[in-house]
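One file, coords_10.txt, is given below (compact mmCIF, C-alpha atoms).
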# COMPACT_ATOMS: atom_id res chain seq x y z
CA MET O 1 28.78 0.75 51.40
CA GLN O 2 26.27 2.18 53.87
CA THR O 3 23.98 5.00 52.89
CA SER O 4 21.53 7.20 54.76
CA ASN O 5 18.23 5.75 55.87
CA ASN O 6 14.95 6.55 54.12
CA ILE O 7 16.50 7.00 50.68
CA SER O 8 13.88 6.70 47.94
CA PRO O 9 14.47 3.95 45.39
CA SER O 10 13.61 6.49 42.67
CA LEU O 11 16.74 8.53 43.39
CA THR O 12 19.71 8.36 41.02
CA ARG O 13 23.14 7.09 42.07
CA ALA O 14 24.36 10.70 42.17
CA ASP O 15 21.43 11.54 44.48
CA THR O 16 22.22 8.74 46.94
CA VAL O 17 25.94 9.57 47.01
CA PHE O 18 25.13 13.26 47.50
CA ILE O 19 22.80 12.49 50.42
CA ASP O 20 25.15 10.03 52.10
CA LEU O 21 28.28 12.14 51.72
CA ARG O 22 26.38 15.23 52.84
CA GLN O 23 25.43 13.48 56.08
CA ARG O 24 28.99 12.25 56.65
CA ILE O 25 30.35 15.78 56.20
CA VAL O 26 27.68 17.44 58.37
CA GLU O 27 28.18 14.98 61.23
CA GLY O 28 31.97 15.15 61.05
CA ASP O 29 32.69 11.64 59.75
CA VAL O 30 34.60 13.39 56.97
CA GLN O 31 36.78 15.96 58.70
CA THR O 32 36.67 19.68 58.00
CA GLY O 33 39.46 20.90 55.76
CA SER O 34 40.23 17.40 54.47
CA LYS O 35 40.92 16.84 50.77
CA LEU O 36 38.61 14.40 49.02
CA SER O 37 40.11 11.70 46.84
CA GLU O 38 37.92 11.18 43.79
CA PRO O 39 39.43 7.76 42.96
CA GLU O 40 38.84 6.54 46.52
CA LEU O 41 35.28 7.86 46.63
CA SER O 42 34.47 6.38 43.23
CA LYS O 43 35.66 3.02 44.47
CA TYR O 44 33.88 3.33 47.82
CA TYR O 45 30.54 4.20 46.25
CA GLU O 46 31.09 2.00 43.18
CA ILE O 47 30.25 4.80 40.75
CA SER O 48 31.89 6.53 37.79
CA ARG O 49 33.96 9.67 38.21
CA SER O 50 31.37 11.70 36.28
CA THR O 51 28.58 10.56 38.62
CA LEU O 52 30.74 11.38 41.62
CA ARG O 53 31.54 14.84 40.27
CA ASP O 54 27.83 15.53 39.92
CA ALA O 55 27.36 14.77 43.63
CA LEU O 56 30.46 16.78 44.62
CA SER O 57 29.31 19.78 42.60
CA ARG O 58 26.00 19.75 44.45
CA LEU O 59 27.82 19.57 47.78
CA GLU O 60 29.82 22.60 46.73
CA GLY O 61 26.52 24.35 46.03
CA CYS O 62 25.45 23.58 49.62
CA GLY O 63 28.58 25.29 50.91
CA LEU O 64 30.01 22.05 52.31
CA LEU O 65 32.87 21.71 49.82
CA GLU O 66 35.34 24.09 48.20
CA ARG O 67 37.01 23.40 44.87
CA LYS O 68 40.35 24.82 43.77
CA ALA O 69 42.11 24.43 40.45
CA ASN O 70 44.78 21.70 40.41
CA ILE O 71 43.84 20.69 43.96
CA GLY O 72 40.27 19.41 43.78
CA TYR O 73 37.60 19.35 46.46
CA ARG O 74 38.12 20.00 50.15
CA VAL O 75 35.62 20.02 52.99
CA VAL O 76 35.10 23.58 54.19
CA THR O 77 36.80 24.68 57.37
CA LEU O 78 34.63 26.03 60.17
CA SER O 79 35.27 29.19 62.13
CA THR O 80 33.44 31.39 64.62
CA GLU O 81 33.66 34.30 62.18
CA LYS O 82 31.94 32.33 59.40
CA LEU O 83 29.28 31.10 61.80
CA LEU O 84 28.45 34.62 62.97
CA GLU O 85 28.22 35.78 59.35
CA ILE O 86 25.69 33.03 58.69
CA PHE O 87 23.67 34.06 61.76
CA ARG O 88 23.45 37.64 60.48
CA VAL O 89 22.27 36.48 57.06
CA ARG O 90 19.73 34.13 58.65
CA GLU O 91 18.43 36.88 60.92
CA SER O 92 17.47 38.99 57.92
CA LEU O 93 16.27 36.27 55.55
CA GLU O 94 14.38 34.14 58.10
CA GLY O 95 12.75 37.27 59.47
CA MET O 96 11.45 37.97 55.97
CA ALA O 97 10.37 34.33 55.58
CA CYS O 98 8.45 34.54 58.85
CA ARG O 99 6.59 37.65 57.69
CA LEU O 100 5.59 35.85 54.48
CA ALA O 101 4.64 32.70 56.41
CA ALA O 102 2.15 34.75 58.41
CA GLN O 103 0.53 35.71 55.11
CA ASN O 104 0.77 32.43 53.26
CA MET O 105 0.71 29.45 55.62
CA SER O 106 -2.55 27.52 55.62
CA VAL O 107 -4.49 26.74 58.78
CA LYS O 108 -3.37 23.12 58.47
CA GLN O 109 0.29 24.08 58.07
CA ILE O 110 0.10 26.18 61.23
CA ALA O 111 -1.63 23.36 63.11
CA ASP O 112 1.08 20.96 61.96
CA LEU O 113 3.75 23.40 63.13
CA LYS O 114 2.14 23.59 66.58
CA TYR O 115 1.98 19.80 66.71
CA LEU O 116 5.68 19.67 65.79
CA LEU O 117 6.51 21.76 68.86
CA ASP O 118 4.46 19.40 71.01
CA VAL O 119 6.66 16.57 69.71
CA HIS O 120 9.82 18.60 70.37
CA ASN O 121 8.65 19.32 73.90
CA LYS O 122 8.82 15.61 74.72
CA HIS O 123 12.54 15.37 73.97
CA GLU O 124 14.48 14.51 77.11
CA SER O 125 17.34 16.88 76.32
CA LEU O 126 14.94 19.81 76.10
CA GLN O 127 13.08 18.84 79.27
CA GLN O 128 16.41 18.84 81.10
CA GLY O 129 17.35 22.20 79.59
CA GLU O 130 20.47 20.78 77.96
CA ALA O 131 19.80 21.14 74.25
CA TYR O 132 17.06 21.74 71.71
CA ILE O 133 17.94 19.19 69.04
CA GLN O 134 15.87 19.11 65.85
CA GLN O 135 16.17 16.60 63.06
CA GLU O 136 16.49 17.85 59.51
CA GLY O 137 13.85 18.81 57.00
CA ASP O 138 10.15 18.73 57.83
CA VAL O 139 10.82 18.07 61.52
CA ASP O 140 12.86 21.28 61.79
CA PHE O 141 10.85 24.31 62.97
CA HIS O 142 12.88 26.83 60.95
CA PHE O 143 12.76 24.69 57.79
CA ARG O 144 8.96 24.45 58.03
CA ILE O 145 8.56 28.22 58.33
CA VAL O 146 10.80 28.96 55.36
CA MET O 147 8.89 26.44 53.27
CA GLY O 148 5.64 28.02 54.50
CA SER O 149 6.76 31.41 53.22
CA GLY O 150 6.06 30.24 49.69
CA ASN O 151 8.99 32.30 48.37
CA LYS O 152 11.07 30.14 46.04
CA LEU O 153 14.22 32.25 46.34
CA LEU O 154 14.17 32.20 50.13
CA ILE O 155 13.53 28.45 50.06
CA ARG O 156 16.54 27.91 47.79
CA LEU O 157 18.83 30.14 49.85
CA LEU O 158 17.79 28.89 53.30
CA CYS O 159 16.64 25.30 52.73
CA GLU O 160 19.23 24.30 50.14
CA GLU O 161 22.30 26.54 49.97
CA LEU O 162 22.73 27.40 53.68
CA TYR O 163 20.74 24.73 55.47
CA TYR O 164 23.28 21.92 55.72
CA LEU O 165 26.16 24.27 56.42
CA VAL O 166 24.19 25.54 59.42
CA ARG O 167 23.57 21.94 60.54
CA MET O 168 27.28 21.22 60.16
CA TYR O 169 28.07 24.03 62.58
CA ARG O 170 25.40 22.79 65.00
CA TYR O 171 26.86 19.30 65.04
CA GLN O 172 30.51 20.23 65.24
CA PHE O 173 30.37 23.30 67.46
CA GLY O 174 28.07 21.46 69.86
CA MET O 175 24.28 21.62 70.22
CA ALA O 176 24.16 21.95 74.00
CA SER O 177 22.88 25.37 74.97
CA PRO O 178 21.68 27.15 78.11
CA ARG O 179 19.10 28.75 75.80
CA ALA O 180 17.31 25.46 75.05
CA LYS O 181 14.06 26.12 76.93
CA LYS O 182 14.13 29.84 76.13
CA ALA O 183 14.51 29.09 72.41
CA PHE O 184 11.61 26.65 72.58
CA SER O 185 9.43 29.29 74.22
CA GLU O 186 10.39 31.78 71.51
CA HIS O 187 9.24 29.29 68.88
CA HIS O 188 5.79 29.25 70.50
CA HIS O 189 5.56 33.06 70.38
CA ILE O 190 6.58 33.04 66.71
CA ILE O 191 3.86 30.51 65.86
CA GLN O 192 1.28 32.60 67.70
CA ALA O 193 2.20 35.67 65.65
CA ILE O 194 1.93 33.62 62.45
CA GLU O 195 -1.44 32.23 63.52
CA ASP O 196 -2.61 35.79 64.27
CA ARG O 197 -1.49 36.76 60.74
CA ASP O 198 0.72 39.46 62.27
CA GLY O 199 3.59 39.39 59.80
CA GLU O 200 5.34 42.40 61.31
CA LEU O 201 5.48 40.86 64.77
CA ALA O 202 6.40 37.44 63.39
CA GLU O 203 9.40 38.97 61.60
CA ILE O 204 10.51 40.89 64.70
CA LEU O 205 10.26 37.79 66.90
CA MET O 206 12.22 35.63 64.45
CA ARG O 207 14.95 38.24 64.10
CA ARG O 208 15.21 38.54 67.88
CA HIS O 209 15.25 34.75 68.21
CA ILE O 210 18.17 34.30 65.81
CA SER O 211 19.98 37.34 67.18
CA ALA O 212 19.78 35.87 70.69
CA SER O 213 21.27 32.60 69.42
CA ARG O 214 24.10 34.52 67.74
CA LYS O 215 24.86 36.43 70.92
CA ASN O 216 24.85 33.15 72.85
CA VAL O 217 27.44 31.73 70.42
CA GLU O 218 29.58 34.86 70.75
CA LYS O 219 29.44 34.59 74.53
CA ARG O 220 30.38 30.90 74.48
CA MET O 221 33.30 31.46 72.11
CA ASN O 222 34.63 34.36 74.19
CA THR O 223 34.84 32.08 77.24
CA LEU O 224 36.85 29.34 75.48
Let me see the file written as structure tokens.
Amino acid sequence: MQTSNNISPSLTRADTVFIDLRQRIVEGDVQTGSKLSEPELSKYYEISRSTLRDALSRLEGCGLLERKANIGYRVVTLSTEKLLEIFRVRESLEGMACRLAAQNMSVKQIADLKYLLDVHNKHESLQQGEAYIQQEGDVDFHFRIVMGSGNKLLIRLLCEELYYLVRMYRYQFGMASPRAKKAFSEHHHIIQAIEDRDGELAEILMRRHISASRKNVEKRMNTL
């Protein structure tokens, strides 16, 4: 059995299975719409069915699995309609998070966020204008801002319940985008508004940023 890198030894077996299976689903190693076999997974991970069900229940909470009576768990299916719904929710909630971040982020948190963009700017795919690829968690610009909002409900909704479903769409719908450099520039403007403690402007800029990404997706899907 292979599990994700950087897994803490303090994590439980359910934790490690949850993390590994989450990555496999997000990256498409486990296909969308496929039914999961609990006996096979228990054997693969060498865990009990109860431990496995704990991990599967958490994956359901992340929106990556669906459970139906007498059928069991299936990986969610992806669609343009669902993706656009998520964009609209993110536009509202991340806009609010950005307003709160302008009020609550410390000077060090803002400096770290600016440094993060400097790191992103060195990525070859961004320099070539092909894609703006961010790793998960603390090296994700949007994740950092939501965490910086200090609002526990927003953090749960955006960094736990929706976060990996969004990443699943990014991986499987393709991360290449003609908006790569434009999106990066928008991130800089958002940080400036946060640093200026202008919550109103920060919210407007974030909403526009996510709205532009949604419109880009709509345009791409209409040409397929």
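Atom CA of Glu91 of chain O lies 6.5 Å from atom CA of Ser211 of chain O.
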Enumerate, as a PyMOL selection string, the protein, DNA and RNA residues whose atoms approach (8.9, 29.4, 61.3) to within 10 Å, taking into account only C-alpha atoms and the coordinate frame of the file.
-> chain O and resi 94-95+97-102+105+110+113+140-149+187-188+190-191+194+202-203+206
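When only C-alpha atoms are used to compute distances to Ser48 of chain O, the closest of the residues O:Gly150, O:Gly33, O:Val17, O:Ala212 turns out to be O:Val17.
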Nearest to Leu157 of chain O, restricted to all atoms listed in the file and choosing among O:Lys181, O:Arg53, O:Arg90, O:His209, comes out as O:Arg90
- Query: Leaving out Asp54 of chain O and any residue of its chain fewer than 4 positions from it, which residues lie within 9 Å of it when counting all atoms listed in the file, given as a PyMOL selection string?
  - Reply: chain O and resi 14-15+18+49-50+58-59
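Ranking O:Thr16, O:Asn222, O:Thr77, O:Gln109 by their shortest atom-to-atom distance to Lys35 of chain O, with all atoms listed in the file included, puts O:Thr77 first.
Put simply, atom CA of Tyr163 of chain O is 7.6 Å away from atom CA of Cys62 of chain O.
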Between O:Gly61, O:Asp118, O:Lys215, O:Glu38, smallest distance to Cys159 of chain O by all atoms listed in the file belongs to O:Gly61
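You can rank O:Leu165, O:Ala193, O:Leu116, O:Val89 by their closest distance to Ile210 of chain O using all atoms listed in the file, and at the top of that list sits O:Val89.
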note - atom CA of Arg74 of chain O and atom CA of Asp20 of chain O are separated by 16.5 Å
Would you kindly return, as a compact mmCIF listing (two decimals) with C-alpha atoms, keeping the file's coordinate frame, each protein, DNA or RNA residue with an atom no farther than 12 Å from any atom of Gly63 of chain O, considering only C-alpha atoms and excluding same-chain residues fewer than 4 positions away?
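Final output, result_6.txt:
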# COMPACT_ATOMS: atom_id res chain seq x y z
CA ARG O 22 26.38 15.23 52.84
CA ILE O 25 30.35 15.78 56.20
CA VAL O 26 27.68 17.44 58.37
CA LEU O 56 30.46 16.78 44.62
CA SER O 57 29.31 19.78 42.60
CA ARG O 58 26.00 19.75 44.45
CA LEU O 59 27.82 19.57 47.78
CA ARG O 67 37.01 23.40 44.87
CA TYR O 73 37.60 19.35 46.46
CA ARG O 74 38.12 20.00 50.15
CA VAL O 75 35.62 20.02 52.99
CA VAL O 76 35.10 23.58 54.19
CA THR O 77 36.80 24.68 57.37
CA LEU O 78 34.63 26.03 60.17
CA LYS O 82 31.94 32.33 59.40
CA ILE O 86 25.69 33.03 58.69
CA LEU O 157 18.83 30.14 49.85
CA LEU O 158 17.79 28.89 53.30
CA GLU O 160 19.23 24.30 50.14
CA GLU O 161 22.30 26.54 49.97
CA LEU O 162 22.73 27.40 53.68
CA TYR O 163 20.74 24.73 55.47
CA TYR O 164 23.28 21.92 55.72
CA LEU O 165 26.16 24.27 56.42
CA VAL O 166 24.19 25.54 59.42
CA ARG O 167 23.57 21.94 60.54
CA MET O 168 27.28 21.22 60.16
CA TYR O 169 28.07 24.03 62.58
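Residue nearest Thr51 of chain O within the list O:His189, O:Lys182, O:Arg156, O:Arg13: O:Arg13 [criterion: smallest interatomic distance, all atoms listed in the file].
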